[in-house]
>>> print(open('upload_19.csv').read())   # CSV, C-alpha atoms
chain,number,residue,atom,x,y,z
A,64,MET,CA,-10.9,-7.4,4.4
A,65,LYS,CA,-14.1,-8.4,6.0
A,66,ARG,CA,-14.6,-9.6,9.5
A,67,VAL,CA,-13.5,-13.2,10.1
A,68,PRO,CA,-14.4,-15.4,13.0
A,69,ALA,CA,-11.7,-16.1,15.5
A,70,CYS,CA,-10.6,-19.5,16.6
A,71,PRO,CA,-13.1,-22.1,17.8
A,72,PRO,CA,-15.3,-21.4,20.8
A,73,SER,CA,-12.9,-22.9,23.2
A,74,THR,CA,-10.3,-20.2,22.3
A,75,VAL,CA,-10.4,-17.2,24.5
A,76,LEU,CA,-8.8,-13.7,24.6
A,77,VAL,CA,-6.8,-12.9,27.7
A,78,SER,CA,-5.7,-9.6,29.1
A,79,ARG,CA,-3.1,-9.6,31.9
A,80,ARG,CA,-3.8,-6.1,32.9
A,81,SER,CA,-7.3,-5.6,34.3
A,82,THR,CA,-6.9,-1.9,34.2
A,83,GLN,CA,-6.9,-1.9,30.4
A,84,LEU,CA,-10.0,-4.0,30.0
A,85,ALA,CA,-12.2,-0.9,29.6
A,86,ASP,CA,-10.6,0.1,26.3
A,87,ILE,CA,-9.1,-3.2,25.1
A,88,PHE,CA,-11.9,-3.6,22.5
A,89,ARG,CA,-11.7,-0.1,21.2
A,90,ARG,CA,-8.1,-0.1,20.0
A,91,PRO,CA,-5.8,-2.6,18.2
A,92,ILE,CA,-4.3,-5.2,20.4
A,93,ALA,CA,-1.5,-5.8,17.9
A,94,ASN,CA,-0.1,-2.9,15.9
A,95,THR,CA,3.0,-3.5,13.8
A,96,PRO,CA,4.6,-0.4,12.4
A,97,PRO,CA,5.7,-0.5,8.7
A,98,PRO,CA,8.9,-2.6,8.5
A,99,PRO,CA,11.8,-1.3,6.4
A,100,ILE,CA,11.8,-2.1,2.7
A,101,LYS,CA,12.4,-5.7,2.4
A,102,ARG,CA,11.9,-7.8,-0.8
A,103,THR,CA,10.4,-11.2,-0.5
A,104,HIS,CA,9.0,-13.6,-3.0
A,105,ALA,CA,5.5,-15.0,-3.3
A,106,GLU,CA,3.5,-17.0,-5.9
A,107,VAL,CA,1.2,-15.1,-8.2
A,108,THR,CA,-0.8,-16.0,-11.3
A,109,GLY,CA,-0.3,-14.6,-14.8
A,110,THR,CA,-1.9,-15.3,-18.2
A,111,ARG,CA,-1.7,-17.9,-20.9
A,112,ALA,CA,0.1,-20.5,-18.8
A,113,LYS,CA,-1.2,-23.7,-17.3
A,114,LYS,CA,-0.8,-25.2,-13.9
A,115,GLU,CA,-2.4,-28.0,-12.1
A,116,GLU,CA,-4.4,-25.9,-9.7
A,117,ASP,CA,-5.1,-22.8,-11.8
A,118,GLU,CA,-5.6,-22.7,-15.6
A,119,TYR,CA,-3.7,-19.4,-15.8
A,120,ASP,CA,-1.2,-19.9,-13.0
A,121,THR,CA,2.4,-19.2,-14.1
A,122,GLY,CA,4.0,-19.5,-10.7
A,123,SER,CA,5.8,-16.2,-11.2
A,124,LEU,CA,8.0,-14.8,-8.5
A,125,VAL,CA,7.1,-11.3,-7.2
A,126,ASP,CA,8.4,-8.5,-5.0
A,127,LEU,CA,6.3,-8.1,-1.9
A,128,MET,CA,6.6,-5.2,0.4
A,129,ASN,CA,4.7,-4.8,3.7
A,130,ARG,CA,3.7,-1.2,4.3
A,131,ASP,CA,1.3,-1.5,7.2
A,132,ARG,CA,-0.6,-4.1,9.2
A,133,PHE,CA,-2.6,-4.3,12.4
A,134,LEU,CA,-5.0,-6.6,14.2
A,135,ILE,CA,-8.2,-5.4,15.9
A,136,VAL,CA,-10.4,-7.3,18.3
A,137,ILE,CA,-14.1,-6.4,17.9
A,138,GLN,CA,-16.1,-7.0,21.1
A,139,GLY,CA,-19.3,-9.0,20.4
A,140,SER,CA,-20.0,-10.8,23.7
A,141,GLU,CA,-19.6,-10.5,27.5
A,142,PRO,CA,-16.6,-12.0,29.3
A,143,LEU,CA,-16.6,-15.5,30.6
A,144,PRO,CA,-17.4,-16.1,34.3
A,145,SER,CA,-14.4,-15.7,36.5
A,146,ASP,CA,-12.4,-18.7,37.5
A,147,LYS,CA,-10.4,-18.5,40.7
A,148,THR,CA,-8.4,-21.6,39.8
A,149,ARG,CA,-6.5,-19.8,37.1
A,150,TYR,CA,-2.9,-19.1,37.9
A,151,ILE,CA,-2.9,-15.7,36.1
A,152,LYS,CA,-5.5,-13.1,37.0
A,153,ALA,CA,-7.3,-12.2,33.8
A,154,ILE,CA,-10.7,-11.6,32.2
A,155,MET,CA,-11.4,-14.0,29.4
A,156,PHE,CA,-13.7,-13.6,26.4
A,157,PRO,CA,-14.9,-16.4,24.1
A,158,GLY,CA,-13.3,-16.3,20.7
A,159,SER,CA,-16.5,-17.3,18.8
A,160,GLY,CA,-18.2,-14.0,19.8
A,161,ASN,CA,-15.3,-11.6,19.4
A,162,PRO,CA,-14.1,-11.6,15.8
A,163,LEU,CA,-10.6,-10.4,14.8
A,164,LEU,CA,-10.1,-7.9,12.0
A,165,LEU,CA,-6.7,-8.1,10.3
A,166,ARG,CA,-5.8,-5.2,7.9
A,167,GLN,CA,-2.7,-5.3,5.8
A,168,GLU,CA,-1.3,-2.8,3.2
A,169,LEU,CA,1.0,-4.4,0.7
A,170,SER,CA,2.9,-3.3,-2.4
A,171,ILE,CA,3.1,-6.2,-4.9
A,172,THR,CA,5.2,-6.1,-8.1
A,173,PHE,CA,4.8,-9.1,-10.4
A,174,GLN,CA,5.2,-10.0,-14.0
A,175,CYS,CA,2.2,-10.7,-16.2
A,176,GLN,CA,2.8,-12.5,-19.4
A,177,PHE,CA,0.8,-11.0,-22.3
A,178,ASP,CA,-0.3,-13.0,-25.3
A,179,LEU,CA,0.1,-10.5,-28.2
A,180,LEU,CA,-1.3,-12.8,-30.9
A,181,TRP,CA,-4.3,-10.5,-31.5
A,182,PHE,CA,-2.4,-7.2,-31.0
A,183,PRO,CA,-3.6,-4.4,-31.2
A,184,PHE,CA,-7.2,-5.7,-30.8
A,185,ASP,CA,-6.3,-7.9,-27.8
A,186,ASN,CA,-7.6,-8.3,-24.3
A,187,GLN,CA,-5.1,-9.2,-21.6
A,188,GLN,CA,-5.8,-10.9,-18.2
A,189,CYS,CA,-3.5,-10.7,-15.2
A,190,SER,CA,-4.3,-12.4,-11.9
A,191,ILE,CA,-2.8,-13.0,-8.5
A,192,ASN,CA,-3.8,-15.6,-6.0
A,193,PHE,CA,-4.0,-14.9,-2.3
A,194,ARG,CA,-3.6,-18.1,-0.3
A,195,LEU,CA,-3.0,-19.0,3.4
A,196,ASN,CA,-0.6,-21.6,4.5
A,197,ASP,CA,-1.8,-25.0,5.8
A,198,VAL,CA,-1.9,-23.9,9.4
A,199,GLU,CA,-3.6,-20.6,8.9
A,200,SER,CA,-6.2,-22.0,6.5
A,201,LYS,CA,-7.6,-24.2,9.3
A,202,LEU,CA,-8.2,-21.2,11.6
A,203,VAL,CA,-9.0,-18.3,9.2
A,204,ARG,CA,-11.3,-18.0,6.3
A,205,MET,CA,-10.7,-15.5,3.4
A,206,ILE,CA,-14.0,-13.9,2.2
A,207,ALA,CA,-13.9,-12.0,-1.1
A,208,SER,CA,-15.3,-8.5,-1.2
A,209,GLU,CA,-15.8,-6.1,-4.1
A,210,PRO,CA,-12.3,-4.7,-5.1
A,211,GLN,CA,-11.8,-1.0,-5.8
A,212,TYR,CA,-9.4,0.1,-8.4
A,213,LEU,CA,-8.2,3.7,-7.5
A,214,GLY,CA,-5.7,4.2,-10.3
A,215,PRO,CA,-6.2,5.7,-13.8
A,216,GLU,CA,-8.3,3.6,-16.1
A,217,LYS,CA,-6.5,4.5,-19.3
A,218,LEU,CA,-2.8,3.6,-19.2
A,219,LEU,CA,-0.2,4.0,-21.9
A,220,GLU,CA,-1.5,1.4,-24.3
A,221,TYR,CA,-4.2,-0.4,-22.4
A,222,GLU,CA,-7.3,0.4,-20.5
A,223,VAL,CA,-8.4,-1.3,-17.2
A,224,ARG,CA,-11.8,-2.8,-18.1
A,225,GLN,CA,-12.6,-5.0,-15.1
A,226,VAL,CA,-11.2,-5.9,-11.7
A,227,THR,CA,-12.7,-8.9,-9.9
A,228,LEU,CA,-12.0,-10.9,-6.8
A,229,ARG,CA,-13.3,-14.5,-6.7
A,230,GLY,CA,-12.6,-17.7,-4.9
A,231,LYS,CA,-13.7,-21.3,-5.5
A,232,ASP,CA,-14.3,-21.8,-1.7
A,233,THR,CA,-13.3,-20.4,1.6
A,234,THR,CA,-10.2,-22.6,2.0
A,235,SER,CA,-8.5,-22.3,-1.5
A,236,GLY,CA,-7.9,-18.6,-1.3
A,237,GLN,CA,-9.0,-15.7,-3.5
A,238,LYS,CA,-8.1,-14.8,-7.0
A,239,LEU,CA,-7.7,-11.1,-8.0
A,240,THR,CA,-8.1,-10.7,-11.8
A,241,ILE,CA,-7.5,-7.5,-13.8
A,242,VAL,CA,-8.6,-7.4,-17.5
A,243,PHE,CA,-6.9,-4.9,-19.8
A,244,THR,CA,-8.2,-3.7,-23.2
A,245,ASN,CA,-5.9,-2.4,-25.9
A,246,LEU,CA,-6.4,1.3,-27.0
A,247,PHE,CA,-6.2,0.5,-30.7
A,248,LEU,CA,-7.2,4.0,-32.0
A,249,TYR,CA,-3.5,5.0,-32.1
A,250,TYR,CA,-2.7,2.2,-34.5
A,251,LEU,CA,-5.7,2.8,-36.6
A,252,ALA,CA,-4.5,6.4,-37.3
A,253,ASN,CA,-0.7,5.7,-37.5
A,254,SER,CA,-0.5,2.2,-39.0
A,255,TYR,CA,-3.7,0.9,-40.6
A,256,LEU,CA,-4.8,4.1,-42.4
A,257,PRO,CA,-1.4,5.0,-44.0
A,258,SER,CA,-0.8,1.5,-45.2
A,259,PHE,CA,-4.3,1.3,-46.6
A,260,LEU,CA,-3.8,4.6,-48.5
A,261,LEU,CA,-0.5,3.3,-49.9
A,262,VAL,CA,-2.3,0.2,-51.3
A,263,VAL,CA,-4.9,2.5,-52.9
A,264,ILE,CA,-2.1,4.6,-54.5
A,265,SER,CA,-0.5,1.5,-55.9
A,266,TYR,CA,-3.8,0.3,-57.2
A,267,SER,CA,-4.5,3.6,-58.9
A,268,THR,CA,-1.7,2.8,-61.4
A,269,PHE,CA,-4.0,0.5,-63.3
A,270,PHE,CA,-5.9,3.6,-64.4
A,271,PHE,CA,-2.8,5.2,-66.0
A,272,ARG,CA,-2.4,4.9,-69.8
A,273,LEU,CA,-0.9,1.6,-70.8
A,274,GLU,CA,2.0,3.2,-72.6
A,275,ASP,CA,3.1,5.0,-69.4
A,276,PHE,CA,4.8,2.0,-68.0
A,277,ASN,CA,7.6,3.9,-66.3
A,278,GLU,CA,5.2,6.1,-64.3
A,279,ARG,CA,3.1,3.1,-63.4
A,280,ILE,CA,5.9,0.9,-62.2
A,281,MET,CA,7.7,3.7,-60.3
A,282,VAL,CA,4.5,4.7,-58.4
A,283,SER,CA,3.9,1.0,-57.3
A,284,ILE,CA,7.5,0.4,-56.3
A,285,THR,CA,7.7,3.6,-54.4
A,286,ALA,CA,4.5,2.8,-52.5
A,287,MET,CA,5.8,-0.7,-51.7
A,288,LEU,CA,9.1,0.7,-50.3
A,289,VAL,CA,7.3,3.2,-48.2
A,290,LEU,CA,5.0,0.4,-46.9
A,291,VAL,CA,8.0,-1.7,-45.9
A,292,ALA,CA,9.6,1.3,-44.1
A,293,LEU,CA,6.3,1.9,-42.2
A,294,PHE,CA,6.1,-1.8,-41.3
A,295,GLN,CA,9.7,-1.6,-39.9
A,296,GLN,CA,8.9,1.5,-37.9
A,297,THR,CA,5.8,0.0,-36.4
A,298,SER,CA,7.6,-3.2,-35.5
A,299,SER,CA,10.3,-1.3,-33.7
A,300,THR,CA,7.8,0.5,-31.4
A,301,ILE,CA,5.9,-2.6,-30.2
A,302,LEU,CA,7.1,-5.7,-28.3
A,303,LYS,CA,8.9,-8.3,-30.3
A,304,THR,CA,7.6,-11.8,-30.4
A,305,THR,CA,8.5,-15.0,-32.1
A,306,TYR,CA,5.0,-15.4,-33.6
A,307,LEU,CA,3.1,-13.1,-35.9
A,308,LYS,CA,0.8,-10.6,-34.4
A,309,LEU,CA,-2.5,-9.4,-36.0
A,310,ILE,CA,-0.9,-6.2,-37.1
A,311,ASP,CA,2.0,-8.1,-38.7
A,312,VAL,CA,-0.5,-10.1,-40.8
A,313,TRP,CA,-2.0,-6.8,-42.0
A,314,TYR,CA,1.3,-5.4,-43.2
A,315,MET,CA,2.4,-8.7,-44.8
A,316,VAL,CA,-0.9,-8.8,-46.8
A,317,CYS,CA,-0.5,-5.2,-47.9
A,318,ILE,CA,3.1,-5.7,-49.0
A,319,VAL,CA,2.1,-8.9,-50.9
A,320,VAL,CA,-0.8,-7.2,-52.6
A,321,ASP,CA,1.5,-4.3,-53.6
A,322,PHE,CA,4.1,-6.8,-54.9
A,323,VAL,CA,1.4,-8.6,-57.0
A,324,MET,CA,0.4,-5.2,-58.5
A,325,VAL,CA,4.0,-4.7,-59.6
A,326,ILE,CA,4.1,-8.1,-61.2
A,327,LEU,CA,0.8,-7.5,-63.0
A,328,LEU,CA,2.1,-4.2,-64.4
A,329,VAL,CA,5.1,-6.0,-65.8
A,330,VAL,CA,2.9,-8.8,-67.3
A,331,ILE,CA,0.5,-6.2,-68.8
A,332,ASP,CA,3.4,-4.3,-70.4
A,333,PHE,CA,5.0,-7.5,-71.7
A,334,SER,CA,1.8,-8.7,-73.3
A,335,ARG,CA,1.3,-5.3,-74.9
A,336,TYR,CA,4.7,-5.3,-76.6
A,337,TYR,CA,4.6,-9.0,-77.4
A,338,HIS,CA,1.2,-8.8,-79.3
A,339,ALA,CA,1.6,-5.3,-80.6
A,340,ASN,CA,1.7,-4.3,-84.2
A,341,LEU,CA,4.2,-1.9,-85.4
A,342,VAL,CA,2.4,1.2,-86.9
A,343,LYS,CA,5.2,3.6,-88.0
A,344,VAL,CA,8.9,3.6,-87.9
A,345,PHE,CA,11.0,6.8,-87.9
A,346,PRO,CA,14.7,7.3,-88.0
A,347,ALA,CA,16.2,7.2,-84.6
A,348,ALA,CA,18.0,10.6,-85.1
A,349,SER,CA,15.2,12.6,-86.5
A,350,GLY,CA,11.8,11.2,-85.3
A,351,PRO,CA,10.0,10.2,-82.2
A,352,LYS,CA,10.3,6.8,-80.6
A,353,PRO,CA,8.3,3.9,-82.1
A,354,LYS,CA,4.7,3.7,-81.0
A,355,PHE,CA,2.7,0.6,-80.6
A,356,GLN,CA,-1.0,0.1,-80.8
A,357,ASP,CA,-2.6,-1.3,-77.6
A,358,ASN,CA,-4.0,-4.8,-78.2
A,359,ASP,CA,-7.0,-6.5,-76.6
A,360,VAL,CA,-4.9,-8.9,-74.4
A,361,SER,CA,-3.1,-6.1,-72.4
A,362,LYS,CA,-6.4,-4.2,-72.0
A,363,LYS,CA,-8.0,-7.4,-70.8
A,364,TYR,CA,-5.3,-8.0,-68.2
A,365,ASN,CA,-5.5,-4.5,-67.0
A,366,MET,CA,-9.3,-4.7,-66.6
A,367,MET,CA,-9.0,-8.0,-64.8
A,368,ALA,CA,-6.6,-6.3,-62.3
A,369,ARG,CA,-8.9,-3.4,-61.9
A,370,VAL,CA,-11.8,-5.6,-60.9
A,371,GLY,CA,-10.1,-8.6,-59.2
A,372,LEU,CA,-7.7,-6.9,-56.9
A,373,PRO,CA,-10.3,-4.8,-55.0
A,374,ILE,CA,-12.5,-7.8,-54.6
A,375,VAL,CA,-9.7,-9.9,-53.1
A,376,PHE,CA,-8.5,-7.1,-50.9
A,377,PHE,CA,-11.9,-6.2,-49.5
A,378,VAL,CA,-12.7,-9.9,-48.8
A,379,PHE,CA,-9.5,-10.0,-46.7
A,380,LEU,CA,-10.4,-6.6,-45.1
A,381,THR,CA,-13.9,-8.0,-44.1
A,382,VAL,CA,-12.5,-11.2,-42.6
A,383,TYR,CA,-9.8,-9.3,-40.8
A,384,GLY,CA,-12.3,-6.8,-39.4
A,385,ILE,CA,-14.6,-9.5,-38.2
A,386,ILE,CA,-11.7,-11.4,-36.4
A,387,ALA,CA,-10.5,-8.2,-34.8
A,388,ALA,CA,-14.0,-7.1,-33.6
A,389,VAL,CA,-14.8,-10.6,-32.2
A,390,GLN,CA,-11.4,-10.7,-30.3
A,391,TYR,CA,-11.8,-7.1,-29.0
A,392,PHE,CA,-15.3,-7.4,-27.7
A,393,THR,CA,-15.3,-11.0,-26.5
A,394,GLY,CA,-11.7,-11.7,-25.8
A,395,HIS,CA,-11.8,-15.1,-27.6
>>> encode(input="upload_19.csv", output="structure tokens")
Amino acid sequence: MKRVPACPPSTVLVSRRSTQLADIFRRPIANTPPPPIKRTHAEVTGTRAKKEEDEYDTGSLVDLMNRDRFLIVIQGSEPLPSDKTRYIKAIMFPGSGNPLLLRQELSITFQCQFDLLWFPFDNQQCSINFRLNDVESKLVRMIASEPQYLGPEKLLEYEVRQVTLRGKDTTSGQKLTIVFTNLFLYYLANSYLPSFLLVVISYSTFFFRLEDFNERIMVSITAMLVLVALFQQTSSTILKTTYLKLIDVWYMVCIVVDFVMVILLVVIDFSRYYHANLVKVFPAASGPKPKFQDNDVSKKYNMMARVGLPIVFFVFLTVYGIIAAVQYFTGH
């Protein structure tokens, strides 16, 4: 809190005890001890909600606890001339030259609504508005100063990037804004990297021999099942929303790509048997199983899958990375 001017020049400060005038300006004239814990409600601002006065005002109810407060008079001028016509003997000081300093220590608990659309590359903004009532706003001005954040910068999942205190003018109050940045390295190591490796494992089946259909299909299906289990585990550890988050889009694309690989393996094997020429036939009891000669159609499909799938996936990976980087560094 900065020094604020007192009431208009006509207002004066009065002391009924002349014996205390020597030190009245060196100690608080009003000192209120911390009241017992008492919960009240106040209006604060959150994120991603609109209101008439504030773009991000949610009108949330908060728990407000007063811990300490006191009022200090700072002497800045000489007392007014004595006036014998006053009924009460006192020394008066002009209010314009003797500012008041009000200091309050509050504990505020409020809810901040996060928009997790870009999770885990999101930036969140929480804000709280300090306003005076109609009577106080005519007598006192709120002047913003540089806020100091004394807590740890790195929290459980977010990092405190910026703390600002601004106001449109001296009568509309002040707005304290805290910007949080997601610590996404955990999800890169535990979600994105394992899922990407599973897609690569599934894609490697196109380099198996065409006649090893059982091995090819089993590897792809196993990779897809593990990918679904990883998606469920990740979803259970983060907040649930009714809309898709950025990490949900990643998992869905990986699962779809893996499913497409399984379908392509089936199509390649079907075309191989459909267009194959029977070379040799042995009795079922005494010889090996029939062998078919690989044809150009199945090889062509397999080669198209080898070339086309990486191109499609890396295009998606590039677009996904650009969107995540822009959102993380700019917050838009």
>>> residues_near_point(input="upload_19.csv", point="(-15.3, -10.1, 28.4)", cutoff="6 Å", atoms="only C-alpha atoms", output="JSON, numbers by chain")
{"A": [141, 142, 143, 155, 156]}
>>> write_last_selection(input="upload_19.csv", atoms="C-alpha atoms", output="PDB file, in the coordinates of the input")
ATOM      1  CA  GLU A 141     -19.600 -10.500  27.500  1.00  0.00           C
ATOM      2  CA  PRO A 142     -16.600 -12.000  29.300  1.00  0.00           C
ATOM      3  CA  LEU A 143     -16.600 -15.500  30.600  1.00  0.00           C
ATOM      4  CA  MET A 155     -11.400 -14.000  29.400  1.00  0.00           C
ATOM      5  CA  PHE A 156     -13.700 -13.600  26.400  1.00  0.00           C
TER       6      PHE A 156
END
>>> atom_distance(input="upload_19.csv", atom1="atom CA of Gly230 of chain A", atom2="atom CA of Glu209 of chain A")
12.1 Å
>>> closest_residue(input="upload_19.csv", among="A:Ser283, A:Asn277, A:Gln237, A:Gln167", to="Leu195 of chain A", atoms="all atoms listed in the file")
A:Gln237
>>> closest_residue(input="upload_19.csv", among="A:Gly394, A:Leu290, A:Ile385, A:Phe322", to="Gln188 of chain A", atoms="all atoms listed in the file")
A:Gly394
>>> atom_distance(input="upload_19.csv", atom1="atom CA of Arg335 of chain A", atom2="atom CA of Ser361 of chain A")
5.1 Å
>>> atom_distance(input="upload_19.csv", atom1="atom CA of Phe247 of chain A", atom2="atom CA of Lys217 of chain A")
12.1 Å
>>> residues_around(input="upload_19.csv", residues="Gln211 of chain A", least_positions_apart="2", cutoff="10 Å", atoms="only C-alpha atoms", output="MDAnalysis selection string")
chainID A and resid 208:209 213:214 226:228
>>> closest_residue(input="upload_19.csv", among="A:Leu239, A:Ile171, A:Gly139, A:Asn192", to="Pro157 of chain A", atoms="only C-alpha atoms")
A:Gly139
>>> closest_residue(input="upload_19.csv", among="A:Ile241, A:Val282, A:Leu219, A:Val289", to="Cys189 of chain A", atoms="only C-alpha atoms")
A:Ile241
>>> residues_near_point(input="upload_19.csv", point="(6.4, 0.9, -58.1)", cutoff="10 Å", atoms="only C-alpha atoms", output="list in words")
Ile264, Ser265, Thr268, Asn277, Glu278, Arg279, Ile280, Met281, Val282, Ser283, Ile284, Thr285, Ala286, Met287, Leu288, Asp321, Phe322, Met324, Val325, Ile326 and Leu328 of chain A
>>> closest_atom_pairs(input="upload_19.csv", of="segment 193-302 of chain A", to="segment 176-182 of chain A", cutoff="12 Å", atoms="all atoms listed in the file", output="Markdown table")
| residue | atom | partner | partner_atom | distance |
| --- | --- | --- | --- | --- |
| A:Glu220 | CA | A:Phe182 | CA | 10.9 |
| A:Tyr221 | CA | A:Phe182 | CA | 11.1 |
| A:Val242 | CA | A:Phe177 | CA | 11.2 |
| A:Phe243 | CA | A:Phe177 | CA | 10.1 |
| A:Thr244 | CA | A:Phe182 | CA | 10.3 |
| A:Asn245 | CA | A:Phe182 | CA | 7.8 |
| A:Leu246 | CA | A:Phe182 | CA | 10.2 |
| A:Phe247 | CA | A:Phe182 | CA | 8.6 |
| A:Tyr250 | CA | A:Phe182 | CA | 10.0 |
| A:Leu251 | CA | A:Phe182 | CA | 11.9 |
| A:Ser298 | CA | A:Phe182 | CA | 11.7 |
| A:Ile301 | CA | A:Phe182 | CA | 9.5 |
| A:Leu302 | CA | A:Leu179 | CA | 8.5 |
>>> closest_residue(input="upload_19.csv", among="A:Phe333, A:Tyr391, A:Phe269, A:Phe294", to="Met315 of chain A", atoms="only C-alpha atoms")
A:Phe294
>>> residues_around(input="upload_19.csv", residues="Ala388 of chain A", least_positions_apart="2", cutoff="12 Å", atoms="all atoms listed in the file", output="ChimeraX atom specification")
/A:181-186,247,309,381-386,390-395
>>> closest_residue(input="upload_19.csv", among="A:Leu164, A:Met128, A:Leu273, A:Ala387", to="Trp313 of chain A", atoms="all atoms listed in the file")
A:Ala387
